[in-house]
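Undergrad: Please read through the structure below; I'll follow up with questions.
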There are 2 protein chains.
Amino acid sequence: MNLQDYLPFWAKLTDMQRKTLQNAVTPMHFSAGEVIHSGSDDCTGLFVVVSGRLRAYTLSDEGKELTLYRLLSRDICLFSASCMMNSIAFDIILSAEVDTDAIVIPSDIYKSLMDQSAAVAGYTNELMASRFSDVMWLMDQLLNHKLDSRLAAFLLEERSLTGSDTLPYTHERIAAHLGSAREVVTRMLKYFQTEQLVHLERGSVTLTDIDRLYQIAEESLR
Amino acid sequence: MNLQDYLPFWAKLTDMQRKTLQNAVTPMHFSAGEVIHSGSDDCTGLFVVVSGRLRAYTLSDEGKELTLYRLLSRDICLFSASCMMNSIAFDIILSAEVDTDAIVIPSDIYKSLMDQSAAVAGYTNELMASRFSDVMWLMDQLLNHKLDSRLAAFLLEERSLTGSDTLPYTHERIAAHLGSAREVVTRMLKYFQTEQLVHLERGSVTLTDIDRLYQIAEESLR
């Protein structure tokens with residue numbers, strides 16, 4: 001296991017810290033569909049995704065799931081080790097969407113590294129800020145409910161016009177059509193891609209789940 | 001200005017770091033209603049609230065405000081220095097709700113402290129986790145839309161029954177009435193208090209904004 005490939009702060013650790021970490025981590029395999037973390041009582045450790053895909057979500061009172069974000073190869077899940085930080089007062093559920101290989105770093109080992117090393121603590125800040133940004137973006141979507149359906153509607157309309165599932169459009173061009181900013185459209189297209197609704201390539205968008213795109217065009221992401 | 005009273009990591013700084021910080025901070029006064037930070041281009045620094053109250057909110061496409069959290073005395077606002085971290089990809093607006101005195105720590109000074117000191121970086125993690133928790137709680141409210149109106153309705157009903165604005169009820173008792181957990185009710189009551197709808201004292205709740213409570217009982221927090 002080449003931890004240095006997965007932990008950007010590796011170069012800034014002491015030999016001792018590297019050895020501790022190397023001895024503490026364990027590889028784990030999760031099967032597609034498996035719930036691997038559920039709520040704050042369950043403080044397994046940090047999951048570092050080697051291959052596969054994890055989904056983080058919450059449950060509403062009525063049992064409806066809301067996807068918060070997804071973790072792909074090299075992403076690290078902090079909230080499965082939420083006991084590390086006093087101020088984390090929410091629960092997420094984490095499941096493997098496909099067969100997933102991960103490395104688990106025990107919470108106490110990571111916590112003690114974080115207390116010793118500004119590089120580890122700083123990296124943890126960046127991780128949390130990324131997930132925070134994901135959630136803020138989602139909240140904005142929930143409040144605004146608009147760009148998602150407008151984008152889906154636009155892609156479907158162009159598909160009808162061109163008779164092809166692959167649209168040779170840049171994000172810039174799509175943004176211009178929607179009267180939106182390029183970055184905003186790029187972010188939404190990437191979200192569509194992680195939801196497996198489209199496949200993105202340089203200068204083109206391929207529609208891969210027409211049914212769900214129609215659904216979104218009519219309603220919204222939820 | 002006694003920085004040590006406001007910065008929990010003060011004791012773990014070197015003399016040099018303390019001196020740098022002491023020389024870099026500036027006191028600021030904000031008038032009630034003043035917008036003091038708006039969007040990510042504006043990277044003033046970290047605001048440490050000395051007295052008063054700041055409100056962090058976002059704007060929907062239709063210009064509707066959504067309050068994310070409030071900052072009271074000794075709270076620190078991280079996101080007014082969001083340029084410090086690459087992974088912060090969202091904007092908040094910050095305004096003074098009442099006349100507010102704050103200390104401003106320039107972003108670059110704080111960033112360099114964070115890079116040097118695991119204690120500063122660790123504290124920053126806790127700050128971010130607190131705000132993240134606030135936002136996750138709010139998201140849950142937006143998705144569930146229930147406890148807030150049920151709690152408001154319950155308080156108003158008891159007020160009618162007893163003929164008094166002050167209800168001698170513990171949070172436990174209120175939770176039992178609502179079929180909810182004590183912690184959940186406590187958190188909602190505290191939120192009501194920061195919204196100035198109620199005033200909490202040990203073993204009692206005083207209703208201070210009857211009109212808005214009626215509104216919430218009928219609709220929801222938004």
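Every chain in the structure tokens has a letter given in the order shown (A, B, ...), and although residue numbers restart at 1 in each chain, ligands are simply numbered from 1 in the order shown.
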As a VMD selection string, list the residues of range 70-147 of chain B assigned to strand (DSSP E) by DSSP on the backbone atoms of this structure.
TA: chain B and resid 70 to 71 76 to 77 93 to 96 100 to 105
Undergrad: Could you pull the residues within 9 Å of Gly203 in chain A, counting only C-alpha atoms, minus those fewer than 3 positions along the same chain, as a PyMOL selection string?
TA: chain A and resi 167-171+200
Undergrad: Within 9 Å of range 57-59 of chain A, counting only C-alpha atoms, which residues show up once you throw out same-chain ones fewer than 4 positions away? Write them as a list in words, please.
TA: Gly63, Lys64, Glu65, Leu66, Thr67, Leu68, Tyr69, Arg70, Asp91, Ile92, Ile93, Leu94 and Ser95 of chain A; Asp140 of chain B
Undergrad: Write the residues of the preceding selection, restricted to all heavy atoms, as a compact mmCIF listing (two decimals), in the first residue's frame.
TA:
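Output file selection_31.txt follows:
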```txt
# COMPACT_ATOMS: atom_id res chain seq x y z
N GLY A 63 -37.74 9.32 5.83
CA GLY A 63 -36.90 8.25 5.29
C GLY A 63 -36.41 8.50 3.87
O GLY A 63 -35.89 7.60 3.22
N LYS A 64 -36.58 9.73 3.41
CA LYS A 64 -36.11 10.06 2.06
C LYS A 64 -34.61 10.35 2.12
O LYS A 64 -34.15 11.06 3.00
CB LYS A 64 -36.87 11.31 1.59
CG LYS A 64 -36.92 11.44 0.08
CD LYS A 64 -37.90 12.53 -0.33
CE LYS A 64 -37.73 12.86 -1.80
NZ LYS A 64 -38.63 13.93 -2.24
N GLU A 65 -33.86 9.80 1.17
CA GLU A 65 -32.42 10.02 1.16
C GLU A 65 -32.06 11.29 0.42
O GLU A 65 -32.66 11.60 -0.60
CB GLU A 65 -31.70 8.85 0.49
CG GLU A 65 -31.86 7.55 1.25
CD GLU A 65 -31.14 6.39 0.58
OE1 GLU A 65 -30.49 6.61 -0.45
OE2 GLU A 65 -31.25 5.27 1.11
N LEU A 66 -31.08 12.01 0.94
CA LEU A 66 -30.56 13.17 0.22
C LEU A 66 -29.04 12.97 0.08
O LEU A 66 -28.32 12.95 1.08
CB LEU A 66 -30.84 14.46 0.98
CG LEU A 66 -30.24 15.71 0.33
CD1 LEU A 66 -30.99 16.10 -0.93
CD2 LEU A 66 -30.21 16.87 1.30
N THR A 67 -28.60 12.82 -1.16
CA THR A 67 -27.17 12.63 -1.40
C THR A 67 -26.43 13.94 -1.15
O THR A 67 -26.77 14.97 -1.71
CB THR A 67 -26.93 12.18 -2.86
OG1 THR A 67 -27.62 10.95 -3.06
CG2 THR A 67 -25.45 11.99 -3.14
N LEU A 68 -25.42 13.89 -0.29
CA LEU A 68 -24.64 15.09 0.03
C LEU A 68 -23.44 15.23 -0.89
O LEU A 68 -23.15 16.30 -1.38
CB LEU A 68 -24.16 15.03 1.48
CG LEU A 68 -25.26 15.00 2.55
CD1 LEU A 68 -24.64 14.72 3.91
CD2 LEU A 68 -26.03 16.32 2.56
N TYR A 69 -22.73 14.14 -1.08
CA TYR A 69 -21.56 14.15 -1.98
C TYR A 69 -21.12 12.72 -2.22
O TYR A 69 -21.58 11.80 -1.55
CB TYR A 69 -20.41 14.99 -1.41
CG TYR A 69 -20.06 14.67 0.02
CD1 TYR A 69 -19.23 13.59 0.34
CD2 TYR A 69 -20.55 15.44 1.07
CE1 TYR A 69 -18.92 13.29 1.65
CE2 TYR A 69 -20.24 15.14 2.39
CZ TYR A 69 -19.42 14.07 2.66
OH TYR A 69 -19.12 13.76 3.96
N ARG A 70 -20.24 12.58 -3.20
CA ARG A 70 -19.69 11.26 -3.50
C ARG A 70 -18.17 11.31 -3.33
O ARG A 70 -17.56 12.36 -3.50
CB ARG A 70 -20.04 10.86 -4.92
CG ARG A 70 -21.49 10.48 -5.05
CD ARG A 70 -21.78 9.93 -6.42
NE ARG A 70 -23.02 9.20 -6.42
CZ ARG A 70 -24.22 9.76 -6.44
NH1 ARG A 70 -24.34 11.06 -6.45
NH2 ARG A 70 -25.32 9.02 -6.44
N ASP A 91 -24.82 13.79 11.62
CA ASP A 91 -24.53 12.43 11.20
C ASP A 91 -24.70 12.29 9.70
O ASP A 91 -25.59 12.89 9.11
CB ASP A 91 -25.54 11.46 11.84
CG ASP A 91 -25.35 11.39 13.33
OD1 ASP A 91 -24.27 11.78 13.79
OD2 ASP A 91 -26.29 10.94 14.01
N ILE A 92 -23.85 11.53 9.10
CA ILE A 92 -24.07 11.16 7.71
C ILE A 92 -24.08 9.64 7.62
O ILE A 92 -23.61 8.95 8.53
CB ILE A 92 -22.97 11.70 6.77
CG1 ILE A 92 -21.60 11.21 7.25
CG2 ILE A 92 -22.98 13.20 6.68
CD1 ILE A 92 -20.62 11.05 6.13
N ILE A 93 -24.64 9.16 6.55
CA ILE A 93 -24.59 7.72 6.27
C ILE A 93 -23.71 7.55 5.04
O ILE A 93 -23.74 8.39 4.13
CB ILE A 93 -26.00 7.17 6.02
CG1 ILE A 93 -26.90 7.53 7.20
CG2 ILE A 93 -25.96 5.66 5.82
CD1 ILE A 93 -28.37 7.31 6.94
N LEU A 94 -22.91 6.52 5.07
CA LEU A 94 -21.96 6.31 3.98
C LEU A 94 -22.20 4.91 3.43
O LEU A 94 -22.22 3.95 4.19
CB LEU A 94 -20.56 6.41 4.57
CG LEU A 94 -19.40 6.82 3.69
CD1 LEU A 94 -19.64 8.22 3.12
CD2 LEU A 94 -18.12 6.81 4.52
N SER A 95 -22.40 4.82 2.12
CA SER A 95 -22.53 3.49 1.55
C SER A 95 -21.66 3.37 0.31
O SER A 95 -21.27 4.36 -0.30
CB SER A 95 -23.99 3.19 1.22
OG SER A 95 -24.38 3.94 0.09
N ASP B 140 -31.37 20.17 7.42
CA ASP B 140 -32.32 19.20 7.96
C ASP B 140 -33.67 19.87 8.23
O ASP B 140 -34.73 19.31 7.92
CB ASP B 140 -31.72 18.64 9.26
CG ASP B 140 -32.45 17.40 9.71
OD1 ASP B 140 -32.54 16.47 8.90
OD2 ASP B 140 -32.94 17.38 10.85
```
Undergrad: Would you mind listing, as an NGL selection string, all residues of chain B that have at least one atom within 8 Å of chain A, where only C-alpha atoms are what counts?
TA: :B and (60-61 or 85-90 or 114-119 or 121-122 or 124-130 or 132-133 or 135-137 or 139-140 or 143-144)
Undergrad: Would you mind exporting N, CA and C atoms of the selected residues as a short mmCIF file (atom, residue, chain, number, x, y, z; two decimals), in the first residue's frame?
TA:
```
data_model
loop_
_atom_site.label_atom_id
_atom_site.label_comp_id
_atom_site.auth_asym_id
_atom_site.auth_seq_id
_atom_site.Cartn_x
_atom_site.Cartn_y
_atom_site.Cartn_z
N SER B 60 -30.80 33.75 -2.23
CA SER B 60 -31.29 32.88 -3.29
C SER B 60 -31.36 33.69 -4.59
N ASP B 61 -31.60 33.00 -5.70
CA ASP B 61 -31.70 33.69 -7.00
C ASP B 61 -32.75 34.79 -6.97
N MET B 85 -8.12 29.35 2.19
CA MET B 85 -8.22 27.93 1.86
C MET B 85 -8.72 27.75 0.44
N ASN B 86 -8.01 26.93 -0.32
CA ASN B 86 -8.38 26.72 -1.72
C ASN B 86 -9.74 26.05 -1.87
N SER B 87 -10.08 25.24 -0.90
CA SER B 87 -11.25 24.38 -1.08
C SER B 87 -12.57 25.04 -0.69
N ILE B 88 -12.53 26.28 -0.25
CA ILE B 88 -13.79 26.95 0.07
C ILE B 88 -14.36 27.54 -1.21
N ALA B 89 -15.45 26.95 -1.68
CA ALA B 89 -16.00 27.34 -2.97
C ALA B 89 -17.42 27.88 -2.83
N PHE B 90 -17.65 28.62 -1.75
CA PHE B 90 -18.98 29.22 -1.62
C PHE B 90 -18.84 30.59 -0.97
N MET B 114 -1.41 29.21 10.73
CA MET B 114 -2.03 27.90 10.54
C MET B 114 -1.03 26.92 9.94
N ASP B 115 -0.19 27.43 9.05
CA ASP B 115 0.81 26.57 8.42
C ASP B 115 1.90 26.16 9.40
N GLN B 116 2.13 27.01 10.41
CA GLN B 116 3.20 26.72 11.38
C GLN B 116 2.72 25.90 12.57
N SER B 117 1.47 26.14 12.97
CA SER B 117 1.05 25.62 14.26
C SER B 117 -0.12 24.64 14.14
N ALA B 118 0.10 23.41 14.59
CA ALA B 118 -0.96 22.40 14.58
C ALA B 118 -2.11 22.84 15.48
N ALA B 119 -1.82 23.60 16.53
CA ALA B 119 -2.87 24.06 17.44
C ALA B 119 -3.80 25.04 16.73
N ALA B 121 -4.20 25.29 13.40
CA ALA B 121 -4.90 24.56 12.34
C ALA B 121 -5.99 23.68 12.93
N GLY B 122 -5.71 23.07 14.08
CA GLY B 122 -6.70 22.22 14.74
C GLY B 122 -7.90 23.02 15.21
N THR B 124 -8.92 25.77 13.90
CA THR B 124 -9.62 26.15 12.67
C THR B 124 -10.55 25.03 12.22
N ASN B 125 -10.06 23.79 12.35
CA ASN B 125 -10.91 22.63 12.04
C ASN B 125 -12.17 22.61 12.90
N GLU B 126 -12.00 22.89 14.18
CA GLU B 126 -13.16 22.89 15.08
C GLU B 126 -14.14 24.00 14.70
N LEU B 127 -13.59 25.18 14.35
CA LEU B 127 -14.45 26.30 13.92
C LEU B 127 -15.26 25.90 12.69
N MET B 128 -14.57 25.32 11.73
CA MET B 128 -15.26 24.97 10.49
C MET B 128 -16.30 23.88 10.76
N ALA B 129 -15.94 22.92 11.60
CA ALA B 129 -16.88 21.84 11.92
C ALA B 129 -18.14 22.40 12.60
N SER B 130 -17.98 23.43 13.43
CA SER B 130 -19.15 24.04 14.09
C SER B 130 -20.08 24.68 13.08
N PHE B 132 -20.18 24.05 9.89
CA PHE B 132 -20.69 22.97 9.05
C PHE B 132 -21.90 22.33 9.74
N SER B 133 -21.77 22.12 11.04
CA SER B 133 -22.87 21.51 11.80
C SER B 133 -24.10 22.41 11.78
N VAL B 135 -24.97 24.46 9.46
CA VAL B 135 -25.57 24.40 8.13
C VAL B 135 -26.28 23.07 7.89
N MET B 136 -25.69 21.98 8.40
CA MET B 136 -26.34 20.68 8.25
C MET B 136 -27.65 20.64 9.03
N TRP B 137 -27.65 21.28 10.18
CA TRP B 137 -28.87 21.33 10.98
C TRP B 137 -29.94 22.11 10.22
N MET B 139 -30.15 22.60 7.02
CA MET B 139 -30.57 21.79 5.86
C MET B 139 -31.63 20.78 6.30
N ASP B 140 -31.37 20.17 7.42
CA ASP B 140 -32.32 19.20 7.96
C ASP B 140 -33.67 19.87 8.23
N LEU B 143 -35.45 20.50 5.01
CA LEU B 143 -35.98 19.27 4.42
C LEU B 143 -37.15 18.74 5.22
N ASN B 144 -37.13 18.95 6.50
CA ASN B 144 -38.14 18.32 7.34
C ASN B 144 -39.30 19.25 7.73
#
```
Undergrad: May I ask for the distance between CA of Val25 in chain A and CA of Arg53 in chain A, given in Å to one decimal place?
TA: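 Going from CA of Val25 in chain A over to CA of Arg53 in chain A, I get 19.4 Å.
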Undergrad: Report the distance between CA of Arg159 in chain A and CA of Ile216 in chain A in Å, rounded to one decimal place.
TA: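 These two atoms are separated by 15.4 Å.
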Undergrad: I'd like the neighbourhood of Leu54 in chain B as a PyMOL selection string, where a residue qualifies if any of its atoms comes within 12 Å (using only C-alpha atoms), though same-chain residues fewer than 2 positions away should be ignored.
TA: chain B and resi 29-37+47-52+56-57+67-77+80+93-102+194
Undergrad: What does the structure give for the distance between CA of Leu156 in chain B and CA of Val184 in chain B, in Å to one decimal?
TA: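 We find that CA of Leu156 in chain B and CA of Val184 in chain B lie 18.9 Å from each other.
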Undergrad: Please identify the alpha helix (DSSP H) residues within range 86-121 of chain A (assignment by DSSP from backbone atoms) and present them as a PyMOL selection string.
TA: chain A and resi 107-116+118-121
Undergrad: With C-alpha atoms retained, export the selected residues as an mmCIF file, in the first residue's frame.
TA:
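result22.cif, written as the output of this step:
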```
data_model
loop_
_atom_site.group_PDB
_atom_site.id
_atom_site.type_symbol
_atom_site.label_atom_id
_atom_site.label_comp_id
_atom_site.auth_asym_id
_atom_site.auth_seq_id
_atom_site.Cartn_x
_atom_site.Cartn_y
_atom_site.Cartn_z
ATOM 1 C CA SER A 107 -9.533 7.809 14.318
ATOM 2 C CA ASP A 108 -7.186 8.015 17.294
ATOM 3 C CA ILE A 109 -4.072 7.631 15.129
ATOM 4 C CA TYR A 110 -5.229 10.353 12.764
ATOM 5 C CA LYS A 111 -6.242 12.604 15.644
ATOM 6 C CA SER A 112 -2.835 12.334 17.253
ATOM 7 C CA LEU A 113 -1.123 13.103 13.913
ATOM 8 C CA MET A 114 -3.392 16.125 13.511
ATOM 9 C CA ASP A 115 -2.400 17.343 16.975
ATOM 10 C CA GLN A 116 1.288 17.024 16.127
ATOM 11 C CA ALA A 118 0.229 21.488 11.097
ATOM 12 C CA ALA A 119 0.422 19.866 7.644
ATOM 13 C CA VAL A 120 -2.044 17.122 8.622
ATOM 14 C CA ALA A 121 -4.362 19.577 10.389
#
```
Undergrad: Need the shell around Leu3 in chain A: protein/DNA/RNA residues with any atom at most 12 Å away, counting only C-alpha atoms. Skip same-chain ones fewer than 6 positions apart. Format as a list in words?
TA: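 The contact residues come out as Phe9, Trp10, Ala11, Leu13, Arg18, Lys19, Thr20, Leu21, Gln22, Asn23, Ala24, Val25, Thr26, Pro27, Val48, Val49, Val50, Arg74, Ala102, Ile103, Val104 and Ile105 of chain A.
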Undergrad: Which residues are near Ala81 in chain A? Cut-off 9 Å, only C-alpha atoms, ignore same chain within fewer than 5 positions. Put them as a ChimeraX atom specification.
TA: /A:40,42-47,106-108
Undergrad: Taking N, CA, C and O atoms for each residue, export the selection above as a PDB file, in the first residue's frame.
TA:
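The new file result12.pdb reads:
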```pdb
ATOM      1  N   SER A  40     -23.125   8.974  14.210  1.00  0.00           N
ATOM      2  CA  SER A  40     -21.922   9.407  14.902  1.00  0.00           C
ATOM      3  C   SER A  40     -21.424   8.417  15.948  1.00  0.00           C
ATOM      4  O   SER A  40     -20.304   8.546  16.440  1.00  0.00           O
ATOM      5  N   ASP A  42     -20.662   5.570  15.466  1.00  0.00           N
ATOM      6  CA  ASP A  42     -19.872   4.642  14.694  1.00  0.00           C
ATOM      7  C   ASP A  42     -18.635   5.419  14.222  1.00  0.00           C
ATOM      8  O   ASP A  42     -18.685   6.166  13.267  1.00  0.00           O
ATOM      9  N   CYS A  43     -17.532   5.297  14.971  1.00  0.00           N
ATOM     10  CA  CYS A  43     -16.365   6.125  14.675  1.00  0.00           C
ATOM     11  C   CYS A  43     -15.205   5.269  14.209  1.00  0.00           C
ATOM     12  O   CYS A  43     -14.134   5.235  14.826  1.00  0.00           O
ATOM     13  N   THR A  44     -15.429   4.582  13.117  1.00  0.00           N
ATOM     14  CA  THR A  44     -14.495   3.591  12.595  1.00  0.00           C
ATOM     15  C   THR A  44     -13.116   4.172  12.292  1.00  0.00           C
ATOM     16  O   THR A  44     -12.095   3.562  12.609  1.00  0.00           O
ATOM     17  N   GLY A  45     -13.101   5.309  11.636  1.00  0.00           N
ATOM     18  CA  GLY A  45     -11.839   5.879  11.193  1.00  0.00           C
ATOM     19  C   GLY A  45     -12.038   6.573   9.866  1.00  0.00           C
ATOM     20  O   GLY A  45     -13.153   6.642   9.369  1.00  0.00           O
ATOM     21  N   LEU A  46     -10.949   7.096   9.320  1.00  0.00           N
ATOM     22  CA  LEU A  46     -11.035   7.765   8.021  1.00  0.00           C
ATOM     23  C   LEU A  46     -10.941   6.741   6.904  1.00  0.00           C
ATOM     24  O   LEU A  46     -10.029   5.910   6.904  1.00  0.00           O
ATOM     25  N   PHE A  47     -11.859   6.821   5.969  1.00  0.00           N
ATOM     26  CA  PHE A  47     -11.786   5.950   4.807  1.00  0.00           C
ATOM     27  C   PHE A  47     -11.073   6.688   3.681  1.00  0.00           C
ATOM     28  O   PHE A  47     -11.488   7.783   3.308  1.00  0.00           O
ATOM     29  N   PRO A 106      -7.315   4.506  11.597  1.00  0.00           N
ATOM     30  CA  PRO A 106      -8.060   4.607  12.863  1.00  0.00           C
ATOM     31  C   PRO A 106      -8.142   6.054  13.347  1.00  0.00           C
ATOM     32  O   PRO A 106      -7.169   6.811  13.224  1.00  0.00           O
ATOM     33  N   SER A 107      -9.290   6.427  13.901  1.00  0.00           N
ATOM     34  CA  SER A 107      -9.533   7.809  14.318  1.00  0.00           C
ATOM     35  C   SER A 107      -8.480   8.337  15.291  1.00  0.00           C
ATOM     36  O   SER A 107      -8.021   9.471  15.162  1.00  0.00           O
ATOM     37  N   ASP A 108      -8.111   7.513  16.273  1.00  0.00           N
ATOM     38  CA  ASP A 108      -7.186   8.015  17.294  1.00  0.00           C
ATOM     39  C   ASP A 108      -5.786   8.267  16.723  1.00  0.00           C
ATOM     40  O   ASP A 108      -5.099   9.204  17.130  1.00  0.00           O
TER      41      ASP A 108
END
```
